[in-house]
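S.K.: Input structure: model30.cif, which contains mmCIF, C-alpha atoms.
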data_structure
loop_
_atom_site.label_atom_id
_atom_site.label_comp_id
_atom_site.auth_asym_id
_atom_site.auth_seq_id
_atom_site.Cartn_x
_atom_site.Cartn_y
_atom_site.Cartn_z
CA MET A 22 9.47 18.87 -20.97
CA LEU A 23 11.45 18.05 -17.82
CA ASN A 24 15.20 17.62 -17.77
CA TYR A 25 15.81 14.15 -16.42
CA THR A 26 18.47 11.52 -15.82
CA ASN A 27 18.49 7.77 -16.35
CA ALA A 28 18.61 5.59 -13.26
CA TYR A 29 20.16 2.14 -13.63
CA VAL A 30 19.83 -0.97 -11.49
CA HIS A 31 21.66 -4.16 -12.46
CA LEU A 32 19.17 -7.01 -12.33
CA GLN A 33 20.67 -10.48 -12.55
CA PRO A 34 19.00 -12.91 -15.00
CA GLU A 35 18.69 -15.54 -12.27
CA MET A 36 17.11 -13.14 -9.75
CA PRO A 37 15.49 -10.44 -11.91
CA VAL A 38 13.83 -8.59 -9.02
CA MET A 39 15.53 -6.28 -6.52
CA VAL A 40 13.86 -5.13 -3.28
CA ARG A 41 15.21 -2.17 -1.30
CA ASN A 42 13.91 -0.38 1.78
CA SER A 43 15.48 3.04 1.50
CA PRO A 44 15.10 6.52 3.00
CA GLN A 45 14.52 9.33 0.51
CA GLU A 46 15.59 12.96 0.35
CA ARG A 47 13.06 15.77 0.63
CA ALA A 48 13.09 15.93 -3.18
CA ALA A 49 14.36 13.68 -5.98
CA ALA A 50 15.25 14.93 -9.46
CA PRO A 51 13.22 13.76 -12.49
CA HIS A 52 14.50 10.44 -13.76
CA THR A 53 13.55 7.36 -15.75
CA HIS A 54 14.76 3.76 -15.96
CA ASP A 55 14.57 0.67 -18.14
CA TYR A 56 12.97 -1.61 -15.55
CA ILE A 57 9.53 -1.69 -13.94
CA GLU A 58 9.47 -0.10 -10.49
CA ILE A 59 6.82 -0.90 -7.90
CA VAL A 60 6.85 1.56 -4.99
CA MET A 61 5.30 0.96 -1.57
CA VAL A 62 5.51 3.91 0.82
CA TYR A 63 6.90 2.66 4.13
CA SER A 64 6.65 5.88 6.15
CA GLY A 65 6.13 9.64 5.87
CA HIS A 66 4.44 11.54 3.08
CA GLY A 67 5.20 13.69 0.06
CA LEU A 68 4.29 14.38 -3.56
CA HIS A 69 4.88 12.11 -6.54
CA SER A 70 4.87 13.46 -10.10
CA LEU A 71 4.67 11.51 -13.35
CA GLN A 72 5.16 12.90 -16.88
CA ASP A 73 3.80 11.46 -20.12
CA ASN A 74 5.37 11.59 -23.60
CA ASN A 75 3.62 14.89 -24.36
CA GLY A 76 5.10 16.68 -21.36
CA ASN A 77 1.93 16.56 -19.26
CA VAL A 78 2.61 16.12 -15.53
CA LEU A 79 0.32 14.58 -12.90
CA THR A 80 1.12 15.21 -9.24
CA ASN A 81 -0.45 13.42 -6.29
CA SER A 82 0.09 13.10 -2.54
CA ILE A 83 1.57 9.84 -1.25
CA ILE A 84 1.51 8.49 2.31
CA LYS A 85 2.38 5.29 4.15
CA GLY A 86 0.58 2.34 2.57
CA ASP A 87 0.33 3.81 -0.94
CA ILE A 88 1.48 1.59 -3.81
CA PHE A 89 2.08 2.69 -7.41
CA THR A 90 4.21 1.73 -10.41
CA ILE A 91 6.57 3.48 -12.81
CA LEU A 92 6.99 1.80 -16.18
CA PRO A 93 10.14 1.88 -18.34
CA GLY A 94 10.53 5.24 -20.06
CA GLU A 95 8.13 7.09 -17.75
CA ILE A 96 9.64 10.15 -16.06
CA HIS A 97 8.89 10.68 -12.38
CA PHE A 98 10.15 12.53 -9.32
CA TYR A 99 9.38 13.25 -5.65
CA SER A 100 8.99 16.58 -3.85
CA GLU A 101 7.94 18.00 -0.46
CA CYS A 102 8.80 14.72 1.27
CA GLU A 103 8.75 14.45 5.07
CA HIS A 104 10.15 11.42 6.97
CA PHE A 105 9.84 9.62 3.63
CA ARG A 106 10.95 6.00 3.21
CA ILE A 107 9.89 3.53 0.53
CA TYR A 108 10.19 -0.04 -0.63
CA ASN A 109 11.51 -0.11 -4.21
CA ILE A 110 10.69 -3.31 -6.07
CA CYS A 111 12.65 -3.22 -9.36
CA VAL A 112 11.42 -5.84 -11.84
CA ASP A 113 12.93 -6.92 -15.15
CA ARG A 114 10.39 -6.53 -17.97
CA ASP A 115 11.12 -9.92 -19.52
CA PHE A 116 10.67 -11.63 -16.15
CA LEU A 117 7.26 -10.02 -15.70
CA ASN A 118 6.31 -10.92 -19.28
CA SER A 119 7.09 -14.57 -18.55
CA PHE A 120 4.04 -14.57 -16.25
CA SER A 121 1.85 -12.46 -18.53
CA ASP A 122 -0.88 -15.08 -19.04
CA GLU A 123 -1.33 -15.56 -15.30
CA LEU A 124 -0.85 -11.92 -14.27
CA GLU A 125 -3.37 -10.64 -16.82
CA GLN A 126 -6.00 -12.24 -14.58
CA LEU A 127 -5.25 -9.81 -11.73
CA ALA A 128 -7.93 -7.17 -11.28
CA HIS A 129 -5.53 -4.21 -11.50
CA PHE A 130 -2.79 -5.57 -13.75
CA ARG A 131 -3.59 -3.52 -16.85
CA ASP A 132 -3.82 -0.24 -14.91
CA PHE A 133 -0.40 -0.73 -13.35
CA PHE A 134 1.75 -2.71 -15.79
CA VAL A 135 0.60 -2.52 -19.41
CA PRO A 136 2.65 -0.11 -21.61
CA GLY A 137 0.57 2.74 -22.99
CA ARG A 138 -1.80 2.67 -20.01
CA PRO A 139 -4.08 5.73 -19.63
CA PHE A 140 -2.29 8.76 -18.20
CA GLN A 141 -4.02 9.06 -14.83
CA ILE A 142 -3.32 8.74 -11.11
CA ASN A 143 -3.15 5.03 -10.31
CA GLN A 144 -2.49 4.30 -6.63
CA LEU A 145 -3.64 1.64 -4.23
CA HIS A 146 -3.71 2.27 -0.50
CA LEU A 147 -3.16 -0.65 1.87
CA MET A 148 -4.85 -0.78 5.24
CA PRO A 149 -2.61 -1.59 8.24
CA THR A 150 -3.24 -5.36 8.23
CA ASP A 151 -2.78 -5.56 4.44
CA PHE A 152 0.40 -3.48 4.75
CA LEU A 153 1.87 -5.93 7.27
CA THR A 154 0.97 -8.91 5.06
CA VAL A 155 2.59 -7.32 2.01
CA GLU A 156 5.71 -6.34 3.97
CA LEU A 157 6.12 -9.94 5.16
CA LEU A 158 5.92 -11.10 1.53
CA LEU A 159 8.60 -8.58 0.55
CA ARG A 160 10.86 -9.82 3.33
CA GLN A 161 10.24 -13.39 2.17
CA LEU A 162 11.20 -12.32 -1.35
CA MET A 163 14.42 -10.75 -0.04
CA ARG A 164 15.29 -13.87 1.98
CA SER A 165 14.74 -16.20 -0.97
CA LYS A 166 16.93 -13.98 -3.16
CA HIS A 167 19.88 -14.46 -0.82
CA SER A 168 19.24 -18.09 0.06
CA GLN A 169 21.83 -20.75 -0.79
CA ARG A 170 19.26 -23.55 -1.14
CA PRO A 171 18.98 -25.26 -4.54
CA SER A 172 15.26 -24.41 -4.53
CA ARG A 173 15.85 -20.67 -3.97
CA PHE A 174 14.72 -19.62 -7.44
CA LEU A 175 11.46 -21.53 -7.06
CA ALA A 176 10.90 -19.90 -3.65
CA PHE A 177 11.76 -16.54 -5.19
CA ARG A 178 9.20 -16.93 -8.01
CA VAL A 179 6.49 -18.09 -5.59
CA ALA A 180 7.10 -15.15 -3.23
CA PHE A 181 6.96 -12.69 -6.11
CA LEU A 182 3.68 -14.12 -7.41
CA GLN A 183 2.20 -14.07 -3.89
CA PHE A 184 3.17 -10.41 -3.63
CA MET A 185 1.55 -9.58 -6.98
CA LEU A 186 -1.61 -11.48 -6.05
CA GLU A 187 -1.92 -9.80 -2.65
CA VAL A 188 -1.41 -6.27 -3.97
CA PHE A 189 -2.86 -6.11 -7.47
CA ASP A 190 -5.94 -8.28 -7.19
CA ASP A 191 -9.04 -7.35 -5.15
CA SER A 192 -7.44 -7.29 -1.69
CA ALA A 193 -6.41 -3.61 -1.65
CA SER A 194 -8.77 -1.43 0.38
CA GLY A 195 -8.31 1.91 -1.34
CA TRP A 196 -8.19 2.84 -5.02
CA LYS A 197 -6.97 6.35 -5.83
CA LYS A 198 -7.40 7.91 -9.27
CA SER A 199 -7.94 11.58 -8.41
CA PRO A 200 -5.01 13.97 -7.82
CA ALA A 201 -4.74 15.21 -4.23
CA LEU A 202 -2.09 17.55 -2.90
CA VAL A 203 -0.48 17.48 0.53
CA ASP A 204 -2.65 19.02 3.24
CA ASP A 205 -1.03 18.97 6.68
CA ARG A 206 -4.47 19.20 8.31
CA LEU A 207 -5.39 15.84 6.81
CA PHE A 208 -2.16 14.20 7.92
CA LYS A 209 -2.80 15.35 11.50
CA ILE A 210 -6.31 13.89 11.37
CA ILE A 211 -4.97 10.59 10.00
CA GLU A 212 -2.31 10.48 12.74
CA LYS A 213 -5.00 11.05 15.40
CA LEU A 214 -7.19 8.26 14.02
CA GLU A 215 -4.25 5.87 13.85
CA ALA A 216 -3.19 6.70 17.42
CA HIS A 217 -6.69 6.27 18.90
CA PRO A 218 -8.92 4.28 16.51
CA GLU A 219 -11.08 3.13 19.44
CA GLU A 220 -12.40 6.65 19.99
CA LYS A 221 -15.70 7.62 18.41
CA ILE A 222 -15.06 9.51 15.21
CA ASP A 223 -16.74 12.94 15.26
CA LEU A 224 -16.45 14.27 11.72
CA GLU A 225 -18.24 17.51 12.53
CA ASN A 226 -15.83 18.32 15.37
CA LEU A 227 -12.76 17.28 13.33
CA ALA A 228 -13.89 19.41 10.41
CA LYS A 229 -14.57 22.44 12.61
CA LYS A 230 -11.17 22.20 14.36
CA ASN A 231 -9.45 22.11 10.98
CA GLY A 232 -11.43 24.89 9.29
CA MET A 233 -13.36 22.66 6.90
CA SER A 234 -16.91 21.58 6.29
CA VAL A 235 -17.77 17.93 6.91
CA SER A 236 -18.26 17.32 3.19
CA LYS A 237 -14.90 18.93 2.33
CA LEU A 238 -13.15 16.87 5.01
CA ALA A 239 -14.72 13.64 3.76
CA HIS A 240 -13.86 14.48 0.15
CA LYS A 241 -10.22 15.37 0.91
CA PHE A 242 -9.82 12.31 3.12
CA LYS A 243 -11.06 9.96 0.42
CA ASP A 244 -8.79 11.61 -2.16
CA ILE A 245 -5.72 10.92 0.01
CA ILE A 246 -6.62 7.52 1.52
CA GLY A 247 -8.98 6.11 -1.09
CA ILE A 248 -11.86 5.34 1.30
CA PRO A 249 -14.09 7.46 3.61
CA PRO A 250 -12.84 8.29 7.15
CA VAL A 251 -15.40 6.11 8.98
CA GLU A 252 -14.45 3.07 6.87
CA TYR A 253 -10.76 3.81 7.45
CA CYS A 254 -11.33 4.00 11.20
CA ASN A 255 -13.11 0.62 11.11
CA GLN A 256 -10.16 -0.86 9.22
CA LEU A 257 -7.76 0.44 11.89
CA ARG A 258 -9.96 -1.05 14.61
CA LEU A 259 -10.13 -4.41 12.86
CA ALA A 260 -6.34 -4.47 12.58
CA ARG A 261 -6.13 -4.11 16.38
CA VAL A 262 -8.84 -6.74 16.87
CA HIS A 263 -6.92 -9.13 14.66
CA ARG A 264 -3.78 -8.63 16.75
CA GLN A 265 -5.63 -8.93 20.08
CA LEU A 266 -7.23 -12.21 19.02
CA GLU A 267 -3.75 -13.56 18.41
CA GLU A 268 -1.93 -12.05 21.39
CA THR A 269 -4.43 -11.80 24.28
CA ASN A 270 -7.03 -13.87 26.13
CA MET A 271 -9.57 -11.04 26.11
CA SER A 272 -13.16 -12.10 25.45
CA LEU A 273 -14.88 -10.94 22.26
CA ASN A 274 -17.03 -8.56 24.30
CA GLU A 275 -13.91 -7.07 25.90
CA ILE A 276 -12.19 -6.74 22.52
CA ALA A 277 -15.26 -5.08 21.00
CA ALA A 278 -15.49 -2.55 23.85
CA ALA A 279 -11.73 -1.83 23.77
CA ASN A 280 -11.91 -0.98 20.08
CA GLY A 281 -15.00 1.20 20.01
CA PHE A 282 -17.51 -1.32 18.65
CA CYS A 283 -21.04 -1.20 20.07
CA ASP A 284 -21.12 -4.97 20.64
CA SER A 285 -19.39 -8.22 19.68
CA ASN A 286 -22.07 -9.12 17.10
CA TYR A 287 -21.37 -5.98 15.09
CA LEU A 288 -17.64 -6.63 15.41
CA GLY A 289 -18.19 -10.20 14.23
CA ARG A 290 -19.99 -9.08 11.06
CA LEU A 291 -17.27 -6.59 10.13
CA PHE A 292 -14.48 -9.04 10.95
CA LYS A 293 -16.01 -11.78 8.79
CA LYS A 294 -16.53 -9.34 5.90
CA LYS A 295 -12.87 -8.31 6.11
CA TYR A 296 -11.19 -11.67 6.78
CA GLY A 297 -13.76 -14.22 5.59
CA ILE A 298 -14.06 -15.91 8.99
CA PRO A 299 -15.83 -15.04 12.30
CA PRO A 300 -13.45 -13.85 15.06
CA ALA A 301 -14.29 -16.74 17.40
CA GLU A 302 -13.52 -19.29 14.68
CA TYR A 303 -10.31 -17.46 13.80
CA ARG A 304 -9.16 -17.68 17.41
CA ARG A 305 -10.03 -21.41 17.57
CA LYS A 306 -7.92 -22.08 14.48
CA LEU A 307 -4.96 -20.32 16.13
CA LYS A 308 -5.01 -22.84 18.97
CA HIS A 309 -4.80 -25.89 16.70
#
Go through the file and emit its structure as structure tokens.
M.R.:
Amino acid sequence: MLNYTNAYVHLQPEMPVMVRNSPQERAAAPHTHDYIEIVMVYSGHGLHSLQDNNGNVLTNSIIKGDIFTILPGEIHFYSECEHFRIYNICVDRDFLNSFSDELEQLAHFRDFFVPGRPFQINQLHLMPTDFLTVELLLRQLMRSKHSQRPSRFLAFRVAFLQFMLEVFDDSASGWKKSPALVDDRLFKIIEKLEAHPEEKIDLENLAKKNGMSVSKLAHKFKDIIGIPPVEYCNQLRLARVHRQLEETNMSLNEIAAANGFCDSNYLGRLFKKKYGIPPAEYRRKLKH
């Protein structure tokens, strides 16, 4: 069994959720707490370890966009962290229980919030556009917490429920249940894809440069991100397309070419599948 400390956060009855964006040390000692903690990795990477009541420890890599929970009484700690910063969302148990009937309807609620859940790796990985949406909701939650308006508690509850719906229903792109350790080769590949998502992805060349077979690369990538590399690259491209539709006057053909899509029709199909609306219609709605 690990030696651990208790971490305390004072949660006010009126505002029983605390949100912090905080840098982390390279390692954090094992600890537990009496509140529910939702963690969203803001930047960097590292290892997260969780221990059950029998002393068994699960360790998994975490990177920007990963979301996981620590329930009251669970022991956890971080190690091998680099440039690591997280959002901590500390939630009072009774507050969460007050929404139990509604929250039970979320696709992933039981895996992340029910006491006695199976001892396994449970992480979601947000794609760039989903990450930005969730971060805006967290900022809205923080603003409502410090508002002086009489309706601030209502705004606070609504923002919290929007956050829960966005993250723990079906919107998350990646679902990680298999342990994966830090592999610097994979982080370099991910950084390259994120820097130049418009470039054609050559898995064979990437694998060869990093001393892996294509199948091993694909397997390791999915373990860390939650989805295959080609799908991840498409998600990165769609995030740029989404932004360019909002911020530029480029035609759909120009946007498709600039982001590595073979044509605007193919882009349109992927965009509609992701956002539920064709890109041309999305742009028209922005102008009204």
S.K.: Given the file shown, enumerate the residues that the PyMOL selection byres ((chain A and resi 239) around 12) captures and present them as a list in words.
M.R.: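 Checking the PyMOL selection byres ((chain A and resi 239) around 12) against this file, the residues are Leu207, Ile210, Ile211, Asp223, Leu224, Glu225, Leu227, Ala228, Met233, Ser234, Val235, Ser236, Lys237, Leu238, His240, Lys241, Phe242, Lys243, Asp244, Ile245, Ile246, Gly247, Ile248, Pro249, Pro250, Val251, Glu252 and Tyr253 of chain A.
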S.K.: If the PyMOL selection byres ((chain A and resi 33-49) around 10) were run on this exact file, what residues would it hold? Put them as a ChimeraX atom specification.
M.R.: /A:30-32,50-52,56-69,97-117,159-160,162-163,165-167,173-174,177-178,181
S.K.: Lys221 (chain A): which residues within 12 Å, counting all atoms listed in the file, same-chain residues fewer than 6 positions away excluded, as a CSV table (one decimal) with C-alpha atoms, in the coordinates of the input?
M.R.:
chain,number,residue,atom,x,y,z
A,213,LYS,CA,-5.0,11.0,15.4
A,214,LEU,CA,-7.2,8.3,14.0
A,227,LEU,CA,-12.8,17.3,13.3
A,250,PRO,CA,-12.8,8.3,7.2
A,251,VAL,CA,-15.4,6.1,9.0
A,254,CYS,CA,-11.3,4.0,11.2
A,255,ASN,CA,-13.1,0.6,11.1
A,258,ARG,CA,-10.0,-1.0,14.6
A,278,ALA,CA,-15.5,-2.6,23.8
A,279,ALA,CA,-11.7,-1.8,23.8
A,280,ASN,CA,-11.9,-1.0,20.1
A,281,GLY,CA,-15.0,1.2,20.0
A,282,PHE,CA,-17.5,-1.3,18.6
A,283,CYS,CA,-21.0,-1.2,20.1
S.K.: Counting only C-alpha atoms, write as JSON, numbers by chain all protein and nucleic acid residues lying at most 9 Å from (-1.7, 12.6, -6.6) in the file's frame.
M.R.: {"A": [68, 69, 70, 79, 80, 81, 82, 83, 142, 143, 144, 197, 198, 199, 200, 201, 202, 203, 244, 245]}
S.K.: May I have the selected residues written with C-alpha atoms, as a short mmCIF file (atom, residue, chain, number, x, y, z; two decimals), in the coordinates of the input?
M.R.:
data_model
loop_
_atom_site.label_atom_id
_atom_site.label_comp_id
_atom_site.auth_asym_id
_atom_site.auth_seq_id
_atom_site.Cartn_x
_atom_site.Cartn_y
_atom_site.Cartn_z
CA LEU A 68 4.29 14.38 -3.56
CA HIS A 69 4.88 12.11 -6.54
CA SER A 70 4.87 13.46 -10.10
CA LEU A 79 0.32 14.58 -12.90
CA THR A 80 1.12 15.21 -9.24
CA ASN A 81 -0.45 13.42 -6.29
CA SER A 82 0.09 13.10 -2.54
CA ILE A 83 1.57 9.84 -1.25
CA ILE A 142 -3.32 8.74 -11.11
CA ASN A 143 -3.15 5.03 -10.31
CA GLN A 144 -2.49 4.30 -6.63
CA LYS A 197 -6.97 6.35 -5.83
CA LYS A 198 -7.40 7.91 -9.27
CA SER A 199 -7.94 11.58 -8.41
CA PRO A 200 -5.01 13.97 -7.82
CA ALA A 201 -4.74 15.21 -4.23
CA LEU A 202 -2.09 17.55 -2.90
CA VAL A 203 -0.48 17.48 0.53
CA ASP A 244 -8.79 11.61 -2.16
CA ILE A 245 -5.72 10.92 0.01
#
S.K.: Nearest to Asn74 (chain A): which of A:Ile88, A:Ala128, A:Leu153, A:Ile96 is it, counting only C-alpha atoms?
M.R.: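 Checking each candidate against Asn74 (chain A), we get A:Ile96 as the closest.
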S.K.: Of the candidates A:Leu158, A:Leu266, A:Leu257, A:Leu147, which one gets nearest to His217 (chain A) if we count all atoms listed in the file?
M.R.: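 The closest residue to His217 (chain A) is A:Leu257.
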S.K.: So, counting all atoms listed in the file, which residue among A:Phe292, A:Pro136, A:Val78, A:Leu71 is closest to Leu92 (chain A)?
M.R.: A:Pro136
S.K.: Interatomic distance between CA of Ala176 (chain A) and CA of Arg131 (chain A)?
M.R.: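 We find that CA of Ala176 (chain A) and CA of Arg131 (chain A) lie 25.5 Å from each other.
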S.K.: Name the closest residue to Leu273 (chain A) among the candidates A:Arg304, A:Asp132, A:Gly297, A:Asp190; distances are taken between atoms, counting only C-alpha atoms.
M.R.: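 Of all the options, A:Arg304 lies closest to Leu273 (chain A).
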S.K.: How far is it from CA of Ser121 (chain A) to CA of Asp87 (chain A), in Å with one decimal?
M.R.: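 A separation of 24.0 Å between them.
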